[in-house]
>>> print(open('start.cif').read())   # mmCIF, C-alpha atoms; chains and numbers go by the auth columns
data_final
loop_
_atom_site.group_PDB
_atom_site.id
_atom_site.type_symbol
_atom_site.label_atom_id
_atom_site.label_comp_id
_atom_site.label_asym_id
_atom_site.label_seq_id
_atom_site.Cartn_x
_atom_site.Cartn_y
_atom_site.Cartn_z
_atom_site.B_iso_or_equiv
_atom_site.auth_seq_id
_atom_site.auth_asym_id
ATOM 1 C CA MET A 1 7.810 28.288 -0.952 0.00 1 A
ATOM 2 C CA ALA A 2 8.299 28.155 -4.691 0.00 2 A
ATOM 3 C CA GLY A 3 7.329 31.818 -5.237 0.00 3 A
ATOM 4 C CA SER A 4 8.814 34.941 -3.666 0.00 4 A
ATOM 5 C CA PHE A 5 5.505 35.753 -2.007 0.00 5 A
ATOM 6 C CA VAL A 6 2.415 33.627 -1.547 0.00 6 A
ATOM 7 C CA THR A 7 -0.857 35.158 -0.458 0.00 7 A
ATOM 8 C CA SER A 8 -3.283 33.450 1.875 0.00 8 A
ATOM 9 C CA GLU A 9 -5.793 33.400 -0.991 0.00 9 A
ATOM 10 C CA GLU A 10 -3.343 31.451 -3.188 0.00 10 A
ATOM 11 C CA MET A 11 -2.645 28.934 -0.439 0.00 11 A
ATOM 12 C CA GLN A 12 -6.366 28.607 0.254 0.00 12 A
ATOM 13 C CA ARG A 13 -7.031 27.855 -3.416 0.00 13 A
ATOM 14 C CA GLY A 14 -4.116 25.428 -3.542 0.00 14 A
ATOM 15 C CA CYS A 15 -5.482 23.547 -0.522 0.00 15 A
ATOM 16 C CA LEU A 16 -8.948 23.372 -2.028 0.00 16 A
ATOM 17 C CA LEU A 17 -7.621 22.103 -5.355 0.00 17 A
ATOM 18 C CA LEU A 18 -5.498 19.331 -3.831 0.00 18 A
ATOM 19 C CA GLU A 19 -8.265 18.451 -1.393 0.00 19 A
ATOM 20 C CA ALA A 20 -10.669 17.997 -4.306 0.00 20 A
ATOM 21 C CA LEU A 21 -8.110 16.038 -6.331 0.00 21 A
ATOM 22 C CA ILE A 22 -7.268 13.620 -3.507 0.00 22 A
ATOM 23 C CA PHE A 23 -10.894 13.189 -2.501 0.00 23 A
ATOM 24 C CA ALA A 24 -11.954 12.436 -6.095 0.00 24 A
ATOM 25 C CA ASN A 25 -9.415 9.618 -6.492 0.00 25 A
ATOM 26 C CA SER A 26 -9.915 6.160 -5.029 0.00 26 A
ATOM 27 C CA GLU A 27 -6.138 5.526 -5.172 0.00 27 A
ATOM 28 C CA PRO A 28 -3.285 7.553 -3.642 0.00 28 A
ATOM 29 C CA VAL A 29 -2.416 10.640 -5.708 0.00 29 A
ATOM 30 C CA ARG A 30 1.237 11.153 -6.585 0.00 30 A
ATOM 31 C CA SER A 31 3.003 14.445 -5.925 0.00 31 A
ATOM 32 C CA ALA A 32 3.783 14.909 -9.631 0.00 32 A
ATOM 33 C CA VAL A 33 0.071 14.890 -10.443 0.00 33 A
ATOM 34 C CA MET A 34 -0.629 17.457 -7.739 0.00 34 A
ATOM 35 C CA ALA A 35 2.244 19.653 -8.932 0.00 35 A
ATOM 36 C CA GLU A 36 0.863 19.589 -12.466 0.00 36 A
ATOM 37 C CA LEU A 37 -2.568 20.658 -11.237 0.00 37 A
ATOM 38 C CA LEU A 38 -1.147 23.590 -9.277 0.00 38 A
ATOM 39 C CA LYS A 39 0.951 24.654 -12.263 0.00 39 A
ATOM 40 C CA ASN A 40 -1.992 24.436 -14.670 0.00 40 A
ATOM 41 C CA GLN A 41 -4.013 26.615 -12.320 0.00 41 A
ATOM 42 C CA GLY A 42 -1.302 29.265 -12.310 0.00 42 A
ATOM 43 C CA LEU A 43 -0.328 28.748 -8.660 0.00 43 A
ATOM 44 C CA ASP A 44 3.360 29.092 -7.773 0.00 44 A
ATOM 45 C CA LEU A 45 3.146 26.770 -4.767 0.00 45 A
ATOM 46 C CA THR A 46 5.134 23.699 -3.746 0.00 46 A
ATOM 47 C CA VAL A 47 3.178 20.498 -3.215 0.00 47 A
ATOM 48 C CA SER A 48 4.877 19.909 0.147 0.00 48 A
ATOM 49 C CA ASP A 49 3.775 23.302 1.481 0.00 49 A
ATOM 50 C CA VAL A 50 0.192 22.832 0.349 0.00 50 A
ATOM 51 C CA LEU A 51 0.048 19.288 1.761 0.00 51 A
ATOM 52 C CA ALA A 52 1.391 20.547 5.086 0.00 52 A
ATOM 53 C CA ALA A 53 -1.307 23.221 5.190 0.00 53 A
ATOM 54 C CA LEU A 54 -3.958 20.697 4.191 0.00 54 A
ATOM 55 C CA ALA A 55 -2.823 18.209 6.841 0.00 55 A
ATOM 56 C CA GLU A 56 -2.979 20.953 9.465 0.00 56 A
ATOM 57 C CA ARG A 57 -6.505 21.795 8.344 0.00 57 A
ATOM 58 C CA TYR A 58 -7.558 18.190 9.025 0.00 58 A
ATOM 59 C CA ALA A 59 -5.687 17.905 12.336 0.00 59 A
ATOM 60 C CA THR A 60 -8.921 17.923 14.357 0.00 60 A
ATOM 61 C CA HIS A 61 -10.997 15.883 11.888 0.00 61 A
ATOM 62 C CA ALA A 62 -11.903 12.190 11.969 0.00 62 A
ATOM 63 C CA ILE A 63 -10.037 11.729 8.687 0.00 63 A
ATOM 64 C CA GLU A 64 -6.378 12.463 8.051 0.00 64 A
ATOM 65 C CA LEU A 65 -4.074 12.957 5.105 0.00 65 A
ATOM 66 C CA VAL A 66 -1.593 10.076 4.860 0.00 66 A
ATOM 67 C CA GLU A 67 1.171 8.984 2.518 0.00 67 A
ATOM 68 C CA ALA A 68 0.605 5.540 1.022 0.00 68 A
ATOM 69 C CA ALA A 69 1.807 3.579 -2.021 0.00 69 A
ATOM 70 C CA GLY A 70 3.858 6.478 -3.360 0.00 70 A
ATOM 71 C CA GLY A 71 1.025 9.000 -3.116 0.00 71 A
ATOM 72 C CA TRP A 72 -1.381 10.720 -0.738 0.00 72 A
ATOM 73 C CA GLN A 73 -4.951 9.970 0.301 0.00 73 A
ATOM 74 C CA PHE A 74 -7.508 10.651 2.999 0.00 74 A
ATOM 75 C CA ARG A 75 -8.139 7.890 5.547 0.00 75 A
ATOM 76 C CA THR A 76 -10.199 7.436 8.680 0.00 76 A
ATOM 77 C CA ARG A 77 -8.109 7.987 11.803 0.00 77 A
ATOM 78 C CA PRO A 78 -7.382 4.673 13.593 0.00 78 A
ATOM 79 C CA GLU A 79 -9.097 5.818 16.799 0.00 79 A
ATOM 80 C CA TYR A 80 -12.418 6.077 14.955 0.00 80 A
ATOM 81 C CA ALA A 81 -12.111 2.942 12.807 0.00 81 A
ATOM 82 C CA SER A 82 -13.445 0.581 15.496 0.00 82 A
ATOM 83 C CA ALA A 83 -16.721 2.512 15.667 0.00 83 A
ATOM 84 C CA LEU A 84 -17.322 1.839 11.978 0.00 84 A
ATOM 85 C CA THR A 85 -16.774 -1.904 11.917 0.00 85 A
ATOM 86 C CA LYS A 86 -20.495 -2.706 12.038 0.00 86 A
ATOM 87 C CA VAL A 87 -21.612 -0.131 9.492 0.00 87 A
ATOM 88 C CA VAL A 88 -18.826 -0.255 6.908 0.00 88 A
ATOM 89 C CA GLU A 89 -18.226 -3.416 4.915 0.00 89 A
ATOM 90 C CA LYS A 90 -14.957 -5.003 5.999 0.00 90 A
ATOM 91 C CA PRO A 91 -12.561 -6.368 3.385 0.00 91 A
ATOM 92 C CA ARG A 92 -12.155 -10.106 3.213 0.00 92 A
ATOM 93 C CA ARG A 93 -9.791 -11.385 5.871 0.00 93 A
ATOM 94 C CA LEU A 94 -6.966 -13.406 4.378 0.00 94 A
ATOM 95 C CA SER A 95 -6.275 -16.891 5.669 0.00 95 A
ATOM 96 C CA ARG A 96 -3.136 -17.633 7.644 0.00 96 A
ATOM 97 C CA GLY A 97 -1.663 -19.410 4.616 0.00 97 A
ATOM 98 C CA ALA A 98 -2.419 -16.450 2.369 0.00 98 A
ATOM 99 C CA MET A 99 -0.803 -14.041 4.837 0.00 99 A
ATOM 100 C CA GLU A 100 2.303 -16.229 5.069 0.00 100 A
ATOM 101 C CA THR A 101 2.506 -16.380 1.287 0.00 101 A
ATOM 102 C CA LEU A 102 2.001 -12.632 0.960 0.00 102 A
ATOM 103 C CA ALA A 103 4.712 -11.958 3.555 0.00 103 A
ATOM 104 C CA ILE A 104 7.164 -14.207 1.705 0.00 104 A
ATOM 105 C CA ILE A 105 6.440 -12.482 -1.600 0.00 105 A
ATOM 106 C CA ALA A 106 6.737 -9.035 0.002 0.00 106 A
ATOM 107 C CA TYR A 107 10.147 -9.737 1.519 0.00 107 A
ATOM 108 C CA HIS A 108 11.639 -11.961 -1.192 0.00 108 A
ATOM 109 C CA GLN A 109 10.162 -10.560 -4.394 0.00 109 A
ATOM 110 C CA PRO A 110 10.312 -11.296 -7.153 0.00 110 A
ATOM 111 C CA CYS A 111 10.056 -14.999 -6.346 0.00 111 A
ATOM 112 C CA THR A 112 8.638 -18.109 -7.947 0.00 112 A
ATOM 113 C CA ARG A 113 6.036 -20.501 -6.648 0.00 113 A
ATOM 114 C CA ALA A 114 8.723 -23.103 -5.968 0.00 114 A
ATOM 115 C CA GLU A 115 10.720 -20.582 -3.923 0.00 115 A
ATOM 116 C CA ILE A 116 7.629 -19.663 -1.913 0.00 116 A
ATOM 117 C CA GLU A 117 6.965 -23.339 -1.222 0.00 117 A
ATOM 118 C CA ALA A 118 10.590 -23.911 -0.175 0.00 118 A
ATOM 119 C CA ILE A 119 10.443 -21.025 2.305 0.00 119 A
ATOM 120 C CA ARG A 120 7.037 -21.994 3.731 0.00 120 A
ATOM 121 C CA GLY A 121 7.901 -25.690 3.783 0.00 121 A
ATOM 122 C CA VAL A 122 4.490 -26.640 2.386 0.00 122 A
ATOM 123 C CA SER A 123 2.839 -26.825 -1.008 0.00 123 A
ATOM 124 C CA LEU A 124 1.253 -23.605 -2.248 0.00 124 A
ATOM 125 C CA GLY A 125 -2.373 -24.235 -3.131 0.00 125 A
ATOM 126 C CA GLN A 126 -3.893 -22.461 -6.116 0.00 126 A
ATOM 127 C CA PRO A 127 -6.751 -21.022 -3.977 0.00 127 A
ATOM 128 C CA ILE A 128 -4.183 -18.981 -2.020 0.00 128 A
ATOM 129 C CA LEU A 129 -2.718 -17.471 -5.184 0.00 129 A
ATOM 130 C CA ASP A 130 -6.214 -16.869 -6.527 0.00 130 A
ATOM 131 C CA ALA A 131 -7.230 -15.018 -3.331 0.00 131 A
ATOM 132 C CA LEU A 132 -4.163 -12.771 -3.446 0.00 132 A
ATOM 133 C CA LEU A 133 -4.685 -12.082 -7.141 0.00 133 A
ATOM 134 C CA GLU A 134 -8.383 -11.373 -6.659 0.00 134 A
ATOM 135 C CA ASP A 135 -7.556 -8.786 -3.990 0.00 135 A
ATOM 136 C CA SER A 136 -4.901 -7.297 -6.333 0.00 136 A
ATOM 137 C CA LEU A 137 -2.213 -7.764 -3.658 0.00 137 A
ATOM 138 C CA ILE A 138 0.180 -9.615 -5.974 0.00 138 A
ATOM 139 C CA ALA A 139 0.849 -9.701 -9.713 0.00 139 A
ATOM 140 C CA PRO A 140 3.154 -11.513 -12.167 0.00 140 A
ATOM 141 C CA LYS A 141 6.517 -9.781 -12.541 0.00 141 A
ATOM 142 C CA GLY A 142 7.877 -11.657 -15.532 0.00 142 A
ATOM 143 C CA ARG A 143 9.470 -15.087 -15.677 0.00 143 A
ATOM 144 C CA LYS A 144 12.673 -16.456 -14.191 0.00 144 A
ATOM 145 C CA GLU A 145 15.301 -17.399 -16.757 0.00 145 A
ATOM 146 C CA VAL A 146 15.646 -21.046 -15.711 0.00 146 A
ATOM 147 C CA PRO A 147 14.300 -24.233 -17.299 0.00 147 A
ATOM 148 C CA GLY A 148 10.516 -24.036 -17.428 0.00 148 A
ATOM 149 C CA ARG A 149 10.617 -20.218 -17.039 0.00 149 A
ATOM 150 C CA PRO A 150 8.381 -20.109 -13.939 0.00 150 A
ATOM 151 C CA VAL A 151 6.352 -16.999 -13.167 0.00 151 A
ATOM 152 C CA LEU A 152 7.898 -14.472 -10.786 0.00 152 A
ATOM 153 C CA TRP A 153 5.514 -12.926 -8.255 0.00 153 A
ATOM 154 C CA GLY A 154 5.655 -9.530 -6.601 0.00 154 A
ATOM 155 C CA THR A 155 3.422 -7.162 -4.665 0.00 155 A
ATOM 156 C CA THR A 156 1.347 -4.343 -6.166 0.00 156 A
ATOM 157 C CA PRO A 157 0.540 -0.700 -5.306 0.00 157 A
ATOM 158 C CA ALA A 158 -2.736 -2.064 -3.874 0.00 158 A
ATOM 159 C CA PHE A 159 -0.656 -4.063 -1.380 0.00 159 A
ATOM 160 C CA LEU A 160 1.079 -0.896 -0.173 0.00 160 A
ATOM 161 C CA GLU A 161 -2.247 0.918 0.022 0.00 161 A
ATOM 162 C CA SER A 162 -3.916 -1.925 1.937 0.00 162 A
ATOM 163 C CA PHE A 163 -1.194 -1.951 4.583 0.00 163 A
ATOM 164 C CA GLY A 164 -0.749 1.823 4.703 0.00 164 A
ATOM 165 C CA LEU A 165 2.846 1.739 3.451 0.00 165 A
ATOM 166 C CA PRO A 166 4.413 4.560 1.421 0.00 166 A
ATOM 167 C CA ASP A 167 6.882 2.123 -0.177 0.00 167 A
ATOM 168 C CA LEU A 168 8.455 -1.316 0.254 0.00 168 A
ATOM 169 C CA GLY A 169 11.255 0.197 2.306 0.00 169 A
ATOM 170 C CA SER A 170 8.682 0.835 5.033 0.00 170 A
ATOM 171 C CA LEU A 171 7.816 -2.837 5.498 0.00 171 A
ATOM 172 C CA PRO A 172 7.724 -3.867 9.175 0.00 172 A
ATOM 173 C CA LYS A 173 9.732 -6.765 10.539 0.00 173 A
ATOM 174 C CA ARG A 174 8.515 -10.062 9.127 0.00 174 A
ATOM 175 C CA GLU A 175 7.352 -11.216 12.541 0.00 175 A
ATOM 176 C CA ASP A 176 5.242 -8.074 13.038 0.00 176 A
ATOM 177 C CA PHE A 177 3.764 -8.378 9.547 0.00 177 A
ATOM 178 C CA LEU A 178 2.295 -11.776 10.433 0.00 178 A
ATOM 179 C CA LEU A 179 1.501 -11.171 14.093 0.00 179 A
ATOM 180 C CA ASP A 180 -0.502 -8.036 13.316 0.00 180 A
ATOM 181 C CA ARG A 181 -2.909 -10.154 11.263 0.00 181 A
ATOM 182 C CA ALA A 182 -3.003 -13.235 13.498 0.00 182 A
ATOM 183 C CA PRO A 183 -2.102 -12.189 17.070 0.00 183 A
ATOM 184 C CA THR A 184 -2.947 -15.543 18.607 0.00 184 A
ATOM 185 C CA GLU A 185 -0.499 -17.506 16.462 0.00 185 A
ATOM 186 C CA ALA A 186 3.271 -17.497 16.406 0.00 186 A
ATOM 187 C CA ALA A 187 4.835 -16.177 13.230 0.00 187 A
ATOM 188 C CA PRO A 188 6.870 -18.769 11.299 0.00 188 A
ATOM 189 C CA GLU A 189 10.542 -18.300 10.684 0.00 189 A
ATOM 190 C CA ALA A 190 11.230 -16.566 7.387 0.00 190 A
ATOM 191 C CA PRO A 191 14.622 -17.811 6.160 0.00 191 A
ATOM 192 C CA SER A 192 16.718 -16.175 3.497 0.00 192 A
ATOM 193 C CA PRO A 193 15.635 -16.533 -0.132 0.00 193 A
ATOM 194 C CA VAL A 194 16.439 -19.884 -1.649 0.00 194 A
ATOM 195 C CA GLY A 195 17.222 -20.905 -5.172 0.00 195 A
ATOM 196 C CA GLU A 196 14.821 -22.519 -7.597 0.00 196 A
ATOM 197 C CA THR A 197 14.133 -26.101 -6.551 0.00 197 A
ATOM 198 C CA ASP A 198 12.506 -27.212 -9.768 0.00 198 A
ATOM 199 C CA GLY A 199 11.256 -25.827 -13.039 0.00 199 A
ATOM 200 C CA THR A 200 7.587 -25.471 -12.102 0.00 200 A
ATOM 201 C CA GLY A 201 5.853 -22.074 -11.779 0.00 201 A
#
>>> encode(input="start.cif", output="structure tokens")
Amino acid sequence: MAGSFVTSEEMQRGCLLLEALIFANSEPVRSAVMAELLKNQGLDLTVSDVLAALAERYATHAIELVEAAGGWQFRTRPEYASALTKVVEKPRRLSRGAMETLAIIAYHQPCTRAEIEAIRGVSLGQPILDALLEDSLIAPKGRKEVPGRPVLWGTTPAFLESFGLPDLGSLPKREDFLLDRAPTEAAPEAPSPVGETDGTG
């Protein structure tokens, strides 16, 4: 604990404050934001201790406190998700081509369109990029310093949130990443990054 002595009333208030903060945000809340809230409220508590107490409080609930995209949020437990599929709007399912493209970007970022096409072995259609951009899963990450200065693509915090990942270091194996989304199809080989093949973006 941060303080020499923490009362149950202080911990209770800390839990309620972070619970309200996380619940009120549609995106994962970072620890620094939670620490600032506790400090402003005059509570000498560590974020990790309060989160542990809060997670324990929700241990028997249908929702759980999870770490995702560098922050924390409440999510429905997986064992209850299937019961909600007919009453909660499901996000758009990405096409196989979009998932392949997203996997390549995730594991080779930042990369250009030409590099993505070289790895996939097929041309990258604009509708695939548009779908990934519309879902905020990818974003431009500058331009590569080669002739033509093509756009470099990378994933976003929304990508981490969508896949329940705390950071890019938690990415699954490439084969699992694709097979989880299309279990009836074999995942393509994902070779090492390649150099720019032309000057197009």
>>> resolve_selection(input="start.cif", expression="the PyMOL selection byres ((chain A and resi 136) around 9)", output="list in words")
Ala131, Leu132, Leu133, Glu134, Asp135, Leu137, Ile138, Ala139, Thr155, Thr156, Pro157, Ala158 and Phe159 of chain A
>>> atom_distance(input="start.cif", atom1="CA of Val66 in chain A", atom2="CA of Gln109 in chain A")
25.5 Å
>>> resolve_selection(input="start.cif", expression="the PyMOL selection byres ((chain A and resi 151) around 9)", output="list in words")
Cys111, Thr112, Arg113, Pro140, Lys141, Gly142, Arg143, Lys144, Arg149, Pro150, Leu152, Trp153, Thr200 and Gly201 of chain A
>>> closest_residue(input="start.cif", among="A:Trp72, A:Ala55, A:Gly148, A:Ile128", to="Met99 in chain A", atoms="only C-alpha atoms")
A:Ile128
>>> closest_residue(input="start.cif", among="A:Glu64, A:Glu79, A:Glu161, A:Asp167", to="Glu19 in chain A", atoms="all atoms listed in the file")
A:Glu64
>>> atom_distance(input="start.cif", atom1="CA of Ala69 in chain A", atom2="CA of Leu165 in chain A")
5.9 Å
>>> atom_distance(input="start.cif", atom1="CA of Val47 in chain A", atom2="CA of Ala62 in chain A")
23.0 Å
>>> resolve_selection(input="start.cif", expression="the PyMOL selection byres ((chain A and resi 16) around 12)", output="ChimeraX atom specification")
/A:9-15,17-23,34,37-38,41,50-51,53-55,57
>>> residues_around(input="start.cif", residues="Glu67 in chain A", least_positions_apart="5", cutoff="9 Å", atoms="only C-alpha atoms", output="ChimeraX atom specification")
/A:28,72-74,164-166
>>> build_atoms(input="start.cif", residues="range 157-168 of chain A", atoms="all heavy atoms", output="mmCIF file, keeping the file's coordinate frame")
data_model
loop_
_atom_site.group_PDB
_atom_site.id
_atom_site.type_symbol
_atom_site.label_atom_id
_atom_site.label_comp_id
_atom_site.auth_asym_id
_atom_site.auth_seq_id
_atom_site.Cartn_x
_atom_site.Cartn_y
_atom_site.Cartn_z
ATOM 1 N N PRO A 157 0.873 -1.933 -6.037
ATOM 2 C CA PRO A 157 0.540 -0.700 -5.306
ATOM 3 C C PRO A 157 -0.650 -0.902 -4.370
ATOM 4 O O PRO A 157 -0.715 -0.277 -3.299
ATOM 5 C CB PRO A 157 0.206 0.286 -6.434
ATOM 6 C CG PRO A 157 1.044 -0.180 -7.580
ATOM 7 C CD PRO A 157 0.999 -1.683 -7.488
ATOM 8 N N ALA A 158 -1.584 -1.792 -4.742
ATOM 9 C CA ALA A 158 -2.736 -2.064 -3.874
ATOM 10 C C ALA A 158 -2.287 -2.702 -2.560
ATOM 11 O O ALA A 158 -2.907 -2.486 -1.513
ATOM 12 C CB ALA A 158 -3.726 -2.977 -4.589
ATOM 13 N N PHE A 159 -1.212 -3.475 -2.600
ATOM 14 C CA PHE A 159 -0.656 -4.063 -1.380
ATOM 15 C C PHE A 159 -0.169 -2.964 -0.444
ATOM 16 O O PHE A 159 -0.477 -2.960 0.745
ATOM 17 C CB PHE A 159 0.500 -5.007 -1.744
ATOM 18 C CG PHE A 159 1.400 -5.350 -0.590
ATOM 19 C CD1 PHE A 159 1.031 -6.311 0.337
ATOM 20 C CD2 PHE A 159 2.618 -4.711 -0.429
ATOM 21 C CE1 PHE A 159 1.860 -6.621 1.415
ATOM 22 C CE2 PHE A 159 3.455 -5.017 0.634
ATOM 23 C CZ PHE A 159 3.070 -5.972 1.560
ATOM 24 N N LEU A 160 0.590 -2.006 -0.991
ATOM 25 C CA LEU A 160 1.079 -0.896 -0.173
ATOM 26 C C LEU A 160 -0.083 -0.096 0.405
ATOM 27 O O LEU A 160 -0.075 0.265 1.585
ATOM 28 C CB LEU A 160 1.963 0.020 -1.023
ATOM 29 C CG LEU A 160 3.273 -0.567 -1.551
ATOM 30 C CD1 LEU A 160 3.961 0.419 -2.480
ATOM 31 C CD2 LEU A 160 4.202 -0.959 -0.411
ATOM 32 N N GLU A 161 -1.083 0.149 -0.429
ATOM 33 C CA GLU A 161 -2.247 0.918 0.022
ATOM 34 C C GLU A 161 -2.993 0.182 1.131
ATOM 35 O O GLU A 161 -3.405 0.777 2.132
ATOM 36 C CB GLU A 161 -3.178 1.187 -1.155
ATOM 37 C CG GLU A 161 -4.354 2.074 -0.820
ATOM 38 C CD GLU A 161 -5.217 2.363 -2.031
ATOM 39 O OE1 GLU A 161 -4.786 2.069 -3.166
ATOM 40 O OE2 GLU A 161 -6.328 2.872 -1.842
ATOM 41 N N SER A 162 -3.172 -1.135 0.962
ATOM 42 C CA SER A 162 -3.916 -1.925 1.937
ATOM 43 C C SER A 162 -3.254 -1.923 3.308
ATOM 44 O O SER A 162 -3.927 -1.953 4.340
ATOM 45 C CB SER A 162 -4.062 -3.373 1.444
ATOM 46 O OG SER A 162 -4.842 -3.435 0.278
ATOM 47 N N PHE A 163 -1.922 -1.898 3.326
ATOM 48 C CA PHE A 163 -1.194 -1.951 4.583
ATOM 49 C C PHE A 163 -0.693 -0.577 5.029
ATOM 50 O O PHE A 163 0.058 -0.469 5.989
ATOM 51 C CB PHE A 163 -0.034 -2.939 4.486
ATOM 52 C CG PHE A 163 -0.486 -4.373 4.477
ATOM 53 C CD1 PHE A 163 -0.841 -4.999 3.292
ATOM 54 C CD2 PHE A 163 -0.603 -5.089 5.660
ATOM 55 C CE1 PHE A 163 -1.286 -6.315 3.288
ATOM 56 C CE2 PHE A 163 -1.041 -6.400 5.657
ATOM 57 C CZ PHE A 163 -1.391 -7.022 4.469
ATOM 58 N N GLY A 164 -1.118 0.469 4.308
ATOM 59 C CA GLY A 164 -0.749 1.823 4.703
ATOM 60 C C GLY A 164 0.734 2.099 4.620
ATOM 61 O O GLY A 164 1.295 2.805 5.467
ATOM 62 N N LEU A 165 1.402 1.575 3.594
ATOM 63 C CA LEU A 165 2.846 1.739 3.451
ATOM 64 C C LEU A 165 3.163 2.694 2.307
ATOM 65 O O LEU A 165 2.617 2.543 1.211
ATOM 66 C CB LEU A 165 3.509 0.384 3.161
ATOM 67 C CG LEU A 165 3.313 -0.716 4.202
ATOM 68 C CD1 LEU A 165 3.824 -2.044 3.652
ATOM 69 C CD2 LEU A 165 4.045 -0.359 5.487
ATOM 70 N N PRO A 166 4.040 3.666 2.518
ATOM 71 C CA PRO A 166 4.413 4.560 1.421
ATOM 72 C C PRO A 166 5.251 3.861 0.361
ATOM 73 O O PRO A 166 5.186 4.201 -0.817
ATOM 74 C CB PRO A 166 5.201 5.674 2.113
ATOM 75 C CG PRO A 166 5.687 5.069 3.389
ATOM 76 C CD PRO A 166 4.624 4.082 3.804
ATOM 77 N N ASP A 167 6.044 2.867 0.758
ATOM 78 C CA ASP A 167 6.882 2.123 -0.177
ATOM 79 C C ASP A 167 7.337 0.831 0.490
ATOM 80 O O ASP A 167 7.106 0.619 1.684
ATOM 81 C CB ASP A 167 8.091 2.954 -0.620
ATOM 82 C CG ASP A 167 8.854 3.541 0.564
ATOM 83 O OD1 ASP A 167 9.208 2.766 1.478
ATOM 84 O OD2 ASP A 167 9.079 4.763 0.577
ATOM 85 N N LEU A 168 8.012 -0.028 -0.280
ATOM 86 C CA LEU A 168 8.455 -1.316 0.254
ATOM 87 C C LEU A 168 9.527 -1.164 1.319
ATOM 88 O O LEU A 168 9.694 -2.036 2.170
ATOM 89 C CB LEU A 168 8.968 -2.204 -0.883
ATOM 90 C CG LEU A 168 7.910 -2.726 -1.853
ATOM 91 C CD1 LEU A 168 8.560 -3.459 -3.019
ATOM 92 C CD2 LEU A 168 6.927 -3.654 -1.126
#
